[in-house]
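Undergrad: The file below is input.pdb, PDB, C-alpha atoms and all ligand atoms:
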```
ATOM      1  CA  MET J   1      92.379  -6.169 249.287
ATOM      2  CA  LYS J   2      93.492  -8.009 252.433
ATOM      3  CA  ILE J   3      96.739  -9.943 252.204
ATOM      4  CA  LEU J   4      98.082 -12.876 254.215
ATOM      5  CA  ILE J   5     101.789 -13.770 254.105
ATOM      6  CA  THR J   6     103.155 -17.142 255.188
ATOM      7  CA  GLY J   7     106.866 -17.337 256.051
ATOM      8  CA  SER J   8     106.754 -13.632 256.854
ATOM      9  CA  LEU J   9     109.893 -13.785 259.025
ATOM     10  CA  GLY J  10     112.019 -15.393 256.295
ATOM     11  CA  GLN J  11     114.406 -13.692 253.878
ATOM     12  CA  LEU J  12     111.791 -12.604 251.334
ATOM     13  CA  GLY J  13     108.895 -12.215 253.779
ATOM     14  CA  SER J  14     110.680  -9.826 256.101
ATOM     15  CA  GLU J  15     111.117  -7.320 253.257
ATOM     16  CA  LEU J  16     108.003  -8.068 251.210
ATOM     17  CA  ALA J  17     105.785  -7.502 254.276
ATOM     18  CA  PRO J  18     106.726  -3.824 254.805
ATOM     19  CA  ALA J  19     106.565  -3.214 251.036
ATOM     20  CA  LEU J  20     103.015  -4.614 250.902
ATOM     21  CA  MET J  21     102.020  -2.610 254.009
ATOM     22  CA  LYS J  22     103.312   0.561 252.385
ATOM     23  CA  ARG J  23     101.399  -0.149 249.196
ATOM     24  CA  TYR J  24      98.085  -1.503 250.533
ATOM     25  CA  GLY J  25      97.981  -0.150 254.106
ATOM     26  CA  GLU J  26      99.292  -1.616 257.367
ATOM     27  CA  ASN J  27      95.929  -2.952 258.423
ATOM     28  CA  ASN J  28      95.531  -4.845 255.169
ATOM     29  CA  VAL J  29      98.511  -7.172 255.633
ATOM     30  CA  VAL J  30      98.379 -10.138 258.011
ATOM     31  CA  LEU J  31     101.694 -11.795 258.856
ATOM     32  CA  THR J  32     102.168 -15.450 259.734
ATOM     33  CA  ASP J  33     105.178 -17.656 260.347
ATOM     34  CA  ILE J  34     105.956 -21.014 261.932
ATOM     35  CA  LYS J  35     108.303 -19.108 264.277
ATOM     36  CA  SER J  36     107.054 -16.760 266.950
ATOM     37  CA  ILE J  37     107.585 -13.023 266.575
ATOM     38  CA  GLU J  38     108.862 -12.332 270.118
ATOM     39  CA  GLU J  39     112.273 -11.192 268.841
ATOM     40  CA  LYS J  40     110.779  -8.259 266.909
ATOM     41  CA  PRO J  41     109.831  -4.957 268.547
ATOM     42  CA  GLN J  42     106.082  -4.411 268.893
ATOM     43  CA  SER J  43     106.215  -1.432 266.523
ATOM     44  CA  GLU J  44     107.404  -3.600 263.613
ATOM     45  CA  GLN J  45     104.988  -6.426 264.154
ATOM     46  CA  GLY J  46     101.716  -5.613 262.377
ATOM     47  CA  LEU J  47      98.980  -8.200 262.847
ATOM     48  CA  PHE J  48     100.824 -11.487 263.381
ATOM     49  CA  PHE J  49      99.737 -15.106 263.906
ATOM     50  CA  GLN J  50     102.063 -17.972 264.604
ATOM     51  CA  LEU J  51     101.016 -20.531 261.976
ATOM     52  CA  ASP J  52     102.329 -23.760 260.498
ATOM     53  CA  CYS J  53     100.780 -23.559 257.037
ATOM     54  CA  ARG J  54     100.094 -27.312 257.107
ATOM     55  CA  ASP J  55      97.620 -26.657 259.940
ATOM     56  CA  SER J  56      94.679 -26.102 257.637
ATOM     57  CA  GLN J  57      92.119 -25.704 260.431
ATOM     58  CA  LYS J  58      93.983 -22.711 261.868
ATOM     59  CA  LEU J  59      94.693 -21.383 258.372
ATOM     60  CA  PHE J  60      90.982 -21.523 257.448
ATOM     61  CA  GLU J  61      90.088 -19.721 260.712
ATOM     62  CA  ILE J  62      92.553 -16.877 260.053
ATOM     63  CA  VAL J  63      91.577 -16.463 256.380
ATOM     64  CA  SER J  64      87.885 -16.421 257.210
ATOM     65  CA  LYS J  65      88.144 -14.166 260.300
ATOM     66  CA  GLU J  66      90.500 -11.669 258.612
ATOM     67  CA  LYS J  67      88.594 -11.760 255.287
ATOM     68  CA  ILE J  68      91.780 -12.475 253.338
ATOM     69  CA  THR J  69      91.620 -12.001 249.550
ATOM     70  CA  ARG J  70      95.269 -12.555 248.514
ATOM     71  CA  ILE J  71      97.943 -14.919 249.871
ATOM     72  CA  TYR J  72     101.704 -14.637 249.426
ATOM     73  CA  HIS J  73     102.771 -18.178 250.304
ATOM     74  CA  LEU J  74     106.491 -17.909 251.099
ATOM     75  CA  ALA J  75     106.910 -20.676 253.696
ATOM     76  CA  ALA J  76     109.253 -23.379 252.364
ATOM     77  CA  LEU J  77     112.516 -25.198 253.057
ATOM     78  CA  LEU J  78     115.343 -24.100 250.717
ATOM     79  CA  SER J  79     117.554 -26.370 248.622
ATOM     80  CA  ALA J  80     120.443 -27.388 250.897
ATOM     81  CA  VAL J  81     118.343 -27.907 254.004
ATOM     82  CA  ALA J  82     115.724 -29.761 251.913
ATOM     83  CA  GLU J  83     118.457 -32.114 250.689
ATOM     84  CA  SER J  84     119.416 -32.903 254.294
ATOM     85  CA  ARG J  85     115.765 -33.437 255.377
ATOM     86  CA  PRO J  86     113.947 -34.538 252.177
ATOM     87  CA  GLN J  87     110.881 -36.054 253.868
ATOM     88  CA  GLU J  88     110.261 -32.899 255.880
ATOM     89  CA  ALA J  89     110.888 -30.771 252.772
ATOM     90  CA  TRP J  90     108.198 -32.663 250.865
ATOM     91  CA  ASP J  91     105.777 -32.300 253.771
ATOM     92  CA  ILE J  92     106.313 -28.561 254.267
ATOM     93  CA  ASN J  93     106.720 -27.540 250.621
ATOM     94  CA  ILE J  94     103.893 -29.654 249.188
ATOM     95  CA  ASN J  95     101.382 -30.185 251.993
ATOM     96  CA  GLY J  96     101.822 -26.546 253.048
ATOM     97  CA  LEU J  97     101.058 -25.410 249.500
ATOM     98  CA  TYR J  98      98.093 -27.797 249.283
ATOM     99  CA  SER J  99      96.435 -26.285 252.355
ATOM    100  CA  ILE J 100      97.019 -22.779 250.964
ATOM    101  CA  LEU J 101      95.424 -23.709 247.628
ATOM    102  CA  GLU J 102      92.467 -25.330 249.372
ATOM    103  CA  VAL J 103      91.782 -22.262 251.522
ATOM    104  CA  ALA J 104      92.169 -20.096 248.401
ATOM    105  CA  ARG J 105      89.681 -22.275 246.507
ATOM    106  CA  VAL J 106      87.073 -22.088 249.255
ATOM    107  CA  HIS J 107      87.519 -18.387 250.091
ATOM    108  CA  GLY J 108      88.266 -17.066 246.575
ATOM    109  CA  CYS J 109      91.794 -15.779 247.319
ATOM    110  CA  SER J 110      94.492 -15.145 244.732
ATOM    111  CA  VAL J 111      97.830 -16.851 245.487
ATOM    112  CA  PHE J 112     101.474 -15.949 244.795
ATOM    113  CA  THR J 113     103.849 -18.914 245.160
ATOM    114  CA  PRO J 114     107.576 -18.583 244.510
ATOM    115  CA  SER J 115     109.148 -21.275 242.386
ATOM    116  CA  SER J 116     112.901 -21.338 241.770
ATOM    117  CA  ILE J 117     115.715 -21.902 239.284
ATOM    118  CA  ALA J 118     115.858 -25.246 241.139
ATOM    119  CA  ALA J 119     112.763 -26.312 239.174
ATOM    120  CA  PHE J 120     115.223 -27.095 236.357
ATOM    121  CA  GLY J 121     117.695 -29.959 236.272
ATOM    122  CA  PRO J 122     120.767 -31.292 234.491
ATOM    123  CA  ASN J 123     118.823 -32.063 231.264
ATOM    124  CA  THR J 124     117.610 -28.465 230.915
ATOM    125  CA  PRO J 125     119.464 -26.159 228.486
ATOM    126  CA  LYS J 126     121.925 -24.310 230.732
ATOM    127  CA  ASP J 127     122.262 -21.014 228.880
ATOM    128  CA  TYR J 128     119.323 -18.772 228.011
ATOM    129  CA  THR J 129     117.140 -21.390 229.694
ATOM    130  CA  PRO J 130     113.730 -20.960 228.026
ATOM    131  CA  GLN J 131     110.458 -20.334 229.857
ATOM    132  CA  ASP J 132     108.989 -23.621 228.646
ATOM    133  CA  THR J 133     111.577 -26.394 228.636
ATOM    134  CA  ILE J 134     112.613 -29.680 230.269
ATOM    135  CA  GLN J 135     112.008 -29.698 234.048
ATOM    136  CA  GLN J 136     113.592 -32.800 235.535
ATOM    137  CA  PRO J 137     115.281 -31.609 238.751
ATOM    138  CA  THR J 138     117.369 -34.066 240.743
ATOM    139  CA  SER J 139     116.961 -32.420 244.179
ATOM    140  CA  MET J 140     114.020 -32.750 246.584
ATOM    141  CA  TYR J 141     113.686 -28.954 246.635
ATOM    142  CA  GLY J 142     113.465 -28.936 242.834
ATOM    143  CA  VAL J 143     110.947 -31.793 242.838
ATOM    144  CA  THR J 144     108.723 -29.841 245.250
ATOM    145  CA  LYS J 145     109.056 -26.709 243.091
ATOM    146  CA  VAL J 146     107.987 -28.487 239.877
ATOM    147  CA  ALA J 147     105.145 -30.267 241.682
ATOM    148  CA  GLY J 148     104.148 -26.910 243.206
ATOM    149  CA  GLU J 149     104.080 -25.190 239.803
ATOM    150  CA  LEU J 150     101.900 -27.982 238.401
ATOM    151  CA  LEU J 151      99.568 -27.968 241.415
ATOM    152  CA  CYS J 152      99.103 -24.192 241.176
ATOM    153  CA  ASN J 153      98.323 -24.468 237.457
ATOM    154  CA  TYR J 154      95.877 -27.269 238.243
ATOM    155  CA  TYR J 155      93.978 -25.104 240.756
ATOM    156  CA  PHE J 156      93.821 -22.313 238.165
ATOM    157  CA  HIS J 157      92.463 -24.494 235.357
ATOM    158  CA  LYS J 158      90.203 -26.692 237.475
ATOM    159  CA  TYR J 159      88.839 -24.204 240.025
ATOM    160  CA  GLY J 160      89.679 -20.763 238.617
ATOM    161  CA  VAL J 161      91.945 -19.918 241.581
ATOM    162  CA  ASP J 162      94.081 -16.943 240.490
ATOM    163  CA  THR J 163      97.495 -18.549 241.033
ATOM    164  CA  ARG J 164     100.686 -16.815 239.876
ATOM    165  CA  GLY J 165     104.392 -17.326 240.536
ATOM    166  CA  VAL J 166     107.954 -16.622 239.489
ATOM    167  CA  ARG J 167     111.036 -18.823 239.377
ATOM    168  CA  TYR J 168     113.315 -16.860 241.652
ATOM    169  CA  PRO J 169     117.071 -16.980 241.240
ATOM    170  CA  GLY J 170     119.283 -16.511 244.314
ATOM    171  CA  ILE J 171     117.925 -13.521 246.242
ATOM    172  CA  ILE J 172     120.483 -11.104 247.693
ATOM    173  CA  SER J 173     119.410  -8.811 250.496
ATOM    174  CA  ASN J 174     120.985  -6.696 253.228
ATOM    175  CA  VAL J 175     118.262  -7.233 255.824
ATOM    176  CA  THR J 176     117.547 -10.885 256.623
ATOM    177  CA  MET J 177     120.039 -13.666 255.912
ATOM    178  CA  PRO J 178     118.806 -16.541 253.748
ATOM    179  CA  GLY J 179     118.726 -19.923 255.459
ATOM    180  CA  GLY J 180     119.822 -23.205 253.923
ATOM    181  CA  GLY J 181     120.084 -22.261 250.254
ATOM    182  CA  THR J 182     122.747 -22.915 247.628
ATOM    183  CA  THR J 183     122.948 -19.283 246.517
ATOM    184  CA  ASP J 184     123.523 -18.036 250.109
ATOM    185  CA  TYR J 185     127.225 -17.461 249.377
ATOM    186  CA  ALA J 186     126.288 -14.363 247.371
ATOM    187  CA  VAL J 187     124.910 -12.764 250.563
ATOM    188  CA  GLU J 188     127.526 -14.026 253.046
ATOM    189  CA  ILE J 189     130.358 -12.752 250.842
ATOM    190  CA  TYR J 190     129.360  -9.094 251.364
ATOM    191  CA  TYR J 191     129.261  -9.391 255.185
ATOM    192  CA  GLU J 192     132.652 -11.128 255.233
ATOM    193  CA  ALA J 193     134.142  -8.676 252.729
ATOM    194  CA  ILE J 194     133.342  -5.829 255.112
ATOM    195  CA  LYS J 195     134.263  -7.651 258.326
ATOM    196  CA  LYS J 196     137.367  -9.616 257.273
ATOM    197  CA  LYS J 197     138.186  -8.579 253.709
ATOM    198  CA  ARG J 198     138.202 -12.265 252.794
ATOM    199  CA  TYR J 199     135.653 -15.007 252.172
ATOM    200  CA  THR J 200     135.823 -18.782 251.854
ATOM    201  CA  CYS J 201     133.241 -19.841 249.302
ATOM    202  CA  PHE J 202     131.432 -23.194 249.362
ATOM    203  CA  LEU J 203     130.866 -23.149 245.560
ATOM    204  CA  GLY J 204     133.607 -23.304 242.943
ATOM    205  CA  GLY J 205     134.835 -20.025 241.452
ATOM    206  CA  ASP J 206     133.398 -20.680 237.984
ATOM    207  CA  THR J 207     129.881 -21.713 239.092
ATOM    208  CA  TYR J 208     127.439 -19.466 237.227
ATOM    209  CA  LEU J 209     123.963 -18.932 238.672
ATOM    210  CA  ASP J 210     121.176 -16.388 238.215
ATOM    211  CA  MET J 211     120.746 -13.822 240.975
ATOM    212  CA  ILE J 212     118.415 -10.949 241.845
ATOM    213  CA  TYR J 213     118.676  -8.052 244.321
ATOM    214  CA  MET J 214     115.887  -7.881 246.900
ATOM    215  CA  PRO J 215     114.224  -4.668 245.625
ATOM    216  CA  ASP J 216     113.742  -6.380 242.254
ATOM    217  CA  ALA J 217     112.518  -9.604 243.889
ATOM    218  CA  ILE J 218     109.861  -7.570 245.713
ATOM    219  CA  LYS J 219     108.956  -5.685 242.560
ATOM    220  CA  ALA J 220     108.434  -9.006 240.745
ATOM    221  CA  ALA J 221     106.100 -10.319 243.472
ATOM    222  CA  ILE J 222     103.988  -7.157 243.492
ATOM    223  CA  ASP J 223     103.945  -6.459 239.745
ATOM    224  CA  LEU J 224     102.987 -10.005 238.794
ATOM    225  CA  MET J 225     100.045 -10.034 241.230
ATOM    226  CA  GLU J 226      98.885  -6.655 239.890
ATOM    227  CA  ALA J 227      99.269  -7.661 236.226
ATOM    228  CA  ASN J 228      96.272  -7.739 233.921
ATOM    229  CA  PRO J 229      95.213 -11.423 233.878
ATOM    230  CA  ALA J 230      94.121 -11.137 230.239
ATOM    231  CA  LYS J 231      97.778 -10.652 229.276
ATOM    232  CA  LEU J 232      99.110 -13.712 231.158
ATOM    233  CA  ARG J 233      99.764 -16.667 228.878
ATOM    234  CA  HIS J 234     101.788 -18.301 231.646
ATOM    235  CA  ARG J 235     101.073 -18.385 235.368
ATOM    236  CA  ASN J 236     103.215 -20.843 237.306
ATOM    237  CA  ALA J 237     105.872 -19.911 237.080
ATOM    238  CA  PHE J 238     107.678 -17.154 235.161
ATOM    239  CA  ASN J 239     111.461 -17.171 234.685
ATOM    240  CA  VAL J 240     112.846 -13.941 236.164
ATOM    241  CA  SER J 241     116.471 -12.941 236.349
ATOM    242  CA  ALA J 242     118.445  -9.772 236.824
ATOM    243  CA  MET J 243     122.043 -11.003 236.483
ATOM    244  CA  SER J 244     124.122 -14.154 236.218
ATOM    245  CA  PHE J 245     127.577 -14.399 237.783
ATOM    246  CA  SER J 246     130.131 -16.738 239.333
ATOM    247  CA  PRO J 247     131.932 -16.290 242.702
ATOM    248  CA  GLU J 248     135.013 -15.099 240.746
ATOM    249  CA  ASP J 249     132.961 -12.445 238.923
ATOM    250  CA  LEU J 250     131.372 -11.250 242.161
ATOM    251  CA  SER J 251     134.778 -11.033 243.874
ATOM    252  CA  ALA J 252     136.049  -8.846 241.041
ATOM    253  CA  TYR J 253     133.146  -6.420 241.542
ATOM    254  CA  ILE J 254     133.689  -6.372 245.329
ATOM    255  CA  ARG J 255     137.381  -5.594 244.713
ATOM    256  CA  LYS J 256     136.297  -2.451 242.884
ATOM    257  CA  TYR J 257     135.115  -1.127 246.278
ATOM    258  CA  ILE J 258     137.396  -3.132 248.645
ATOM    259  CA  PRO J 259     140.654  -3.648 246.702
ATOM    260  CA  GLN J 260     142.215  -5.933 249.367
ATOM    261  CA  PHE J 261     139.320  -8.422 249.187
ATOM    262  CA  GLU J 262     140.370 -12.054 248.684
ATOM    263  CA  ILE J 263     138.323 -15.154 247.970
ATOM    264  CA  SER J 264     139.298 -18.773 248.625
ATOM    265  CA  TYR J 265     137.372 -22.011 248.180
ATOM    266  CA  ASN J 266     136.295 -24.915 250.359
ATOM    267  CA  ILE J 267     133.708 -26.682 248.243
ATOM    268  CA  ASP J 268     130.619 -28.226 249.799
ATOM    269  CA  PRO J 269     129.854 -31.234 247.557
ATOM    270  CA  VAL J 270     126.101 -31.149 248.277
ATOM    271  CA  ARG J 271     125.618 -27.495 247.372
ATOM    272  CA  GLN J 272     128.024 -27.734 244.431
ATOM    273  CA  ALA J 273     126.010 -30.646 243.016
ATOM    274  CA  LEU J 274     122.802 -28.627 243.415
ATOM    275  CA  ALA J 275     124.339 -25.608 241.680
ATOM    276  CA  ASN J 276     125.761 -27.772 238.870
ATOM    277  CA  SER J 277     122.291 -29.128 238.149
ATOM    278  CA  TRP J 278     120.765 -25.633 237.748
ATOM    279  CA  PRO J 279     120.890 -23.264 234.776
ATOM    280  CA  ASN J 280     123.748 -20.795 234.295
ATOM    281  CA  MET J 281     121.439 -18.097 233.007
ATOM    282  CA  LEU J 282     117.695 -17.887 232.444
ATOM    283  CA  GLU J 283     115.904 -16.238 229.539
ATOM    284  CA  ASP J 284     112.979 -14.246 230.966
ATOM    285  CA  TYR J 285     111.281 -12.925 227.842
ATOM    286  CA  ALA J 286     107.783 -14.189 228.822
ATOM    287  CA  ALA J 287     107.853 -12.176 232.076
ATOM    288  CA  ARG J 288     109.008  -9.064 230.201
ATOM    289  CA  VAL J 289     106.298  -9.343 227.547
ATOM    290  CA  GLU J 290     103.368 -10.597 229.637
ATOM    291  CA  TRP J 291     103.677  -8.306 232.678
ATOM    292  CA  GLY J 292     106.505  -5.871 232.043
ATOM    293  CA  TRP J 293     109.310  -7.441 234.108
ATOM    294  CA  ASP J 294     112.271  -5.065 234.002
ATOM    295  CA  PRO J 295     114.825  -5.380 236.840
ATOM    296  CA  GLU J 296     116.633  -2.289 238.050
ATOM    297  CA  TYR J 297     119.837  -3.678 239.590
ATOM    298  CA  ASP J 298     122.784  -5.304 237.818
ATOM    299  CA  ILE J 299     125.817  -6.783 239.619
ATOM    300  CA  ASP J 300     127.624  -3.444 239.906
ATOM    301  CA  ALA J 301     124.643  -1.418 241.138
ATOM    302  CA  MET J 302     123.795  -4.168 243.630
ATOM    303  CA  THR J 303     127.379  -4.485 244.924
ATOM    304  CA  SER J 304     127.731  -0.761 245.442
ATOM    305  CA  ASP J 305     124.386  -0.588 247.280
ATOM    306  CA  MET J 306     124.988  -3.722 249.407
ATOM    307  CA  LEU J 307     128.408  -2.533 250.586
ATOM    308  CA  GLU J 308     127.196   0.956 251.352
ATOM    309  CA  VAL J 309     124.148  -0.224 253.333
ATOM    310  CA  LEU J 310     126.141  -2.815 255.312
ATOM    311  CA  LYS J 311     128.959  -0.376 256.062
ATOM    312  CA  ASN J 312     126.537   2.314 257.245
ATOM    313  CA  ARG J 313     124.824  -0.228 259.468
ATOM    314  CA  GLY J 314     128.164  -1.331 260.926
ATOM    315  CA  ALA J 315     127.483  -4.921 259.836
TER     316      ALA J 315
HETATM  317  C1  LIG Q   1     118.329 -21.779 247.164
HETATM  318  O1  LIG Q   1     119.542 -21.584 246.943
HETATM  319  O2  LIG Q   1     117.881 -22.825 247.623
HETATM  320  C2  LIG Q   1     117.360 -20.697 246.799
HETATM  321  C3  LIG Q   1     116.811 -20.893 245.425
HETATM  322  C4  LIG Q   1     117.687 -20.713 244.257
HETATM  323  O3  LIG Q   1     115.666 -21.197 245.274
HETATM  324  N1  LIG Q   1     117.977 -19.413 246.912
END
```
So, in terms of structure tokens, how does the structure I just supplied come out?

TA:
Amino acid sequence: MKILITGSLGQLGSELAPALMKRYGENNVVLTDIKSIEEKPQSEQGLFFQLDCRDSQKLFEIVSKEKITRIYHLAALLSAVAESRPQEAWDININGLYSILEVARVHGCSVFTPSSIAAFGPNTPKDYTPQDTIQQPTSMYGVTKVAGELLCNYYFHKYGVDTRGVRYPGIISNVTMPGGGTTDYAVEIYYEAIKKKRYTCFLGGDTYLDMIYMPDAIKAAIDLMEANPAKLRHRNAFNVSAMSFSPEDLSAYIRKYIPQFEISYNIDPVRQALANSWPNMLEDYAARVEWGWDPEYDIDAMTSDMLEVLKNRGA
């Protein structure tokens, strides 16, 4: 097994990469990103290529030279930034995915592509959102996620490319900050709680969204790709969730550890509209039955761990 990761310097990539290296061996994971890796110390680099995934000539060269057999395609623009640059979001999220699927078709690679809760829209049932339901998103990010799910399924049925994916909720991590998402408040809040004991939230206090702690997000990406294909009735993409909460709920849990913590609100209309169009809480039964999805962290376990790690790091 030789793995290539796109977007390896992003929020998910920067933690999935070491997890994959630990599992499959350092020399079996090739990192790529549109950014250069100069900022990182040599010791943490692994084999790295600067790559815009839309550059299919360079992508084909790397996949062929490195004998890649599996691709984790993480490069994408997130919801809020996609809404401010919709044309670029379409280009990166769709044409990037297309070149990945083409290289996978020609070289016989399996492909993991993250979808998102943003693949649902205002017409989708909001609570216990089913695996198979209405997908009519109203954001460009959501449109690219639905199109991406369909394209991945197409490559599976038409060409037998082993495509798999999950619909990630907001991912919360203590290593790399997310960039340009709607769920980013749930990461920022922990840093501000430690630094200032207060946080001004850009979403309203009663906005419920699904969330997942990074160790579970990584587990999902690895477990799904290792799952027995004979058991997969779905492929692109599985609902996965670990918890659903609002900013008010999260503040209450933070107060358990930092009693003086206060939250206030300054709502960003763009991100609030995105959040309002997404489910409150997914039902992820298909993932549990088809490949054993079983998250470890709930809101309390995550909050305790986040605060401890950030405090110890002096964040
Ligand atoms: C975002 O907020 O854009 C992402 C997502 C839910 O896909 N975290």

Undergrad: Evaluate the PyMOL selection byres (((chain J and resi 130) around 12) and not hetatm) against this structure - the residues, as a list of chain:residue names, please.

TA: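 Selected by the PyMOL selection byres (((chain J and resi 130) around 12) and not hetatm) here: J:Ile117, J:Phe120, J:Thr124, J:Pro125, J:Lys126, J:Asp127, J:Tyr128, J:Thr129, J:Gln131, J:Asp132, J:Thr133, J:Ile134, J:Gln135, J:Arg167, J:Phe238, J:Asn239, J:Val240, J:Ser241, J:Pro279, J:Asn280, J:Met281, J:Leu282, J:Glu283, J:Asp284, J:Tyr285, J:Ala286, J:Ala287.
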
Undergrad: Write the residues you've just listed into a file as a PDB file, in the frame of the given file, and include C-alpha atoms for each of them.

TA:
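Contents of result-v4.pdb, freshly written:
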```pdb
ATOM      1  CA  ILE J 117     115.715 -21.902 239.284  1.00  0.00           C
ATOM      2  CA  PHE J 120     115.223 -27.095 236.357  1.00  0.00           C
ATOM      3  CA  THR J 124     117.610 -28.465 230.915  1.00  0.00           C
ATOM      4  CA  PRO J 125     119.464 -26.159 228.486  1.00  0.00           C
ATOM      5  CA  LYS J 126     121.925 -24.310 230.732  1.00  0.00           C
ATOM      6  CA  ASP J 127     122.262 -21.014 228.880  1.00  0.00           C
ATOM      7  CA  TYR J 128     119.323 -18.772 228.011  1.00  0.00           C
ATOM      8  CA  THR J 129     117.140 -21.390 229.694  1.00  0.00           C
ATOM      9  CA  GLN J 131     110.458 -20.334 229.857  1.00  0.00           C
ATOM     10  CA  ASP J 132     108.989 -23.621 228.646  1.00  0.00           C
ATOM     11  CA  THR J 133     111.577 -26.394 228.636  1.00  0.00           C
ATOM     12  CA  ILE J 134     112.613 -29.680 230.269  1.00  0.00           C
ATOM     13  CA  GLN J 135     112.008 -29.698 234.048  1.00  0.00           C
ATOM     14  CA  ARG J 167     111.036 -18.823 239.377  1.00  0.00           C
ATOM     15  CA  PHE J 238     107.678 -17.154 235.161  1.00  0.00           C
ATOM     16  CA  ASN J 239     111.461 -17.171 234.685  1.00  0.00           C
ATOM     17  CA  VAL J 240     112.846 -13.941 236.164  1.00  0.00           C
ATOM     18  CA  SER J 241     116.471 -12.941 236.349  1.00  0.00           C
ATOM     19  CA  PRO J 279     120.890 -23.264 234.776  1.00  0.00           C
ATOM     20  CA  ASN J 280     123.748 -20.795 234.295  1.00  0.00           C
ATOM     21  CA  MET J 281     121.439 -18.097 233.007  1.00  0.00           C
ATOM     22  CA  LEU J 282     117.695 -17.887 232.444  1.00  0.00           C
ATOM     23  CA  GLU J 283     115.904 -16.238 229.539  1.00  0.00           C
ATOM     24  CA  ASP J 284     112.979 -14.246 230.966  1.00  0.00           C
ATOM     25  CA  TYR J 285     111.281 -12.925 227.842  1.00  0.00           C
ATOM     26  CA  ALA J 286     107.783 -14.189 228.822  1.00  0.00           C
ATOM     27  CA  ALA J 287     107.853 -12.176 232.076  1.00  0.00           C
TER      28      ALA J 287
END
```

Undergrad: Name the residues in contact with J:Ala82 at a cut-off of 12 Å, using all atoms listed in the file, excluding same-chain residues fewer than 2 positions from it; report them as a PDB file with C-alpha atoms, in the coordinates of the input.

TA:
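Generated file (selection-v7.pdb):
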```
ATOM      1  CA  ALA J  76     109.253 -23.379 252.364  1.00  0.00           C
ATOM      2  CA  LEU J  77     112.516 -25.198 253.057  1.00  0.00           C
ATOM      3  CA  LEU J  78     115.343 -24.100 250.717  1.00  0.00           C
ATOM      4  CA  SER J  79     117.554 -26.370 248.622  1.00  0.00           C
ATOM      5  CA  ALA J  80     120.443 -27.388 250.897  1.00  0.00           C
ATOM      6  CA  SER J  84     119.416 -32.903 254.294  1.00  0.00           C
ATOM      7  CA  ARG J  85     115.765 -33.437 255.377  1.00  0.00           C
ATOM      8  CA  PRO J  86     113.947 -34.538 252.177  1.00  0.00           C
ATOM      9  CA  GLN J  87     110.881 -36.054 253.868  1.00  0.00           C
ATOM     10  CA  GLU J  88     110.261 -32.899 255.880  1.00  0.00           C
ATOM     11  CA  ALA J  89     110.888 -30.771 252.772  1.00  0.00           C
ATOM     12  CA  TRP J  90     108.198 -32.663 250.865  1.00  0.00           C
ATOM     13  CA  ASP J  91     105.777 -32.300 253.771  1.00  0.00           C
ATOM     14  CA  ILE J  92     106.313 -28.561 254.267  1.00  0.00           C
ATOM     15  CA  ASN J  93     106.720 -27.540 250.621  1.00  0.00           C
ATOM     16  CA  ALA J 118     115.858 -25.246 241.139  1.00  0.00           C
ATOM     17  CA  SER J 139     116.961 -32.420 244.179  1.00  0.00           C
ATOM     18  CA  MET J 140     114.020 -32.750 246.584  1.00  0.00           C
ATOM     19  CA  TYR J 141     113.686 -28.954 246.635  1.00  0.00           C
ATOM     20  CA  GLY J 142     113.465 -28.936 242.834  1.00  0.00           C
ATOM     21  CA  VAL J 143     110.947 -31.793 242.838  1.00  0.00           C
ATOM     22  CA  THR J 144     108.723 -29.841 245.250  1.00  0.00           C
ATOM     23  CA  LYS J 145     109.056 -26.709 243.091  1.00  0.00           C
ATOM     24  CA  GLY J 179     118.726 -19.923 255.459  1.00  0.00           C
ATOM     25  CA  GLY J 180     119.822 -23.205 253.923  1.00  0.00           C
ATOM     26  CA  GLY J 181     120.084 -22.261 250.254  1.00  0.00           C
ATOM     27  CA  THR J 182     122.747 -22.915 247.628  1.00  0.00           C
ATOM     28  CA  VAL J 270     126.101 -31.149 248.277  1.00  0.00           C
ATOM     29  CA  ARG J 271     125.618 -27.495 247.372  1.00  0.00           C
ATOM     30  CA  LEU J 274     122.802 -28.627 243.415  1.00  0.00           C
TER      31      LEU J 274
END
```

Undergrad: Between J:Leu203, J:Leu31, J:Ile100, J:Ile68, which has the minimum distance to J:Tyr265 (counting only C-alpha atoms)?

TA: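 Comparing J:Leu203, J:Leu31, J:Ile100, J:Ile68 against J:Tyr265, the winner is J:Leu203.
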
Undergrad: Using only C-alpha atoms, pick whichever of J:Ala242, J:Val63, J:Met214, J:Leu101 has the shortest atom-to-atom distance to J:Thr32.

TA: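 Closest to J:Thr32, using only C-alpha atoms: J:Val63.
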
Undergrad: Specify as a list in words each residue included when the PyMOL selection byres (((chain J and resi 2) around 9) and not hetatm) is applied to this file.

TA: Met1, Ile3, Leu4, Tyr24, Asn27, Asn28, Val29, Val30, Glu66, Lys67, Ile68, Thr69, Arg70 and Ile71 of chain J

Undergrad: Print the selection's residues with C-alpha atoms to a file, as a PDB file, in the frame of the given file.

TA:
```
ATOM      1  CA  MET J   1      92.379  -6.169 249.287  1.00  0.00           C
ATOM      2  CA  ILE J   3      96.739  -9.943 252.204  1.00  0.00           C
ATOM      3  CA  LEU J   4      98.082 -12.876 254.215  1.00  0.00           C
ATOM      4  CA  TYR J  24      98.085  -1.503 250.533  1.00  0.00           C
ATOM      5  CA  ASN J  27      95.929  -2.952 258.423  1.00  0.00           C
ATOM      6  CA  ASN J  28      95.531  -4.845 255.169  1.00  0.00           C
ATOM      7  CA  VAL J  29      98.511  -7.172 255.633  1.00  0.00           C
ATOM      8  CA  VAL J  30      98.379 -10.138 258.011  1.00  0.00           C
ATOM      9  CA  GLU J  66      90.500 -11.669 258.612  1.00  0.00           C
ATOM     10  CA  LYS J  67      88.594 -11.760 255.287  1.00  0.00           C
ATOM     11  CA  ILE J  68      91.780 -12.475 253.338  1.00  0.00           C
ATOM     12  CA  THR J  69      91.620 -12.001 249.550  1.00  0.00           C
ATOM     13  CA  ARG J  70      95.269 -12.555 248.514  1.00  0.00           C
ATOM     14  CA  ILE J  71      97.943 -14.919 249.871  1.00  0.00           C
TER      15      ILE J  71
END
```
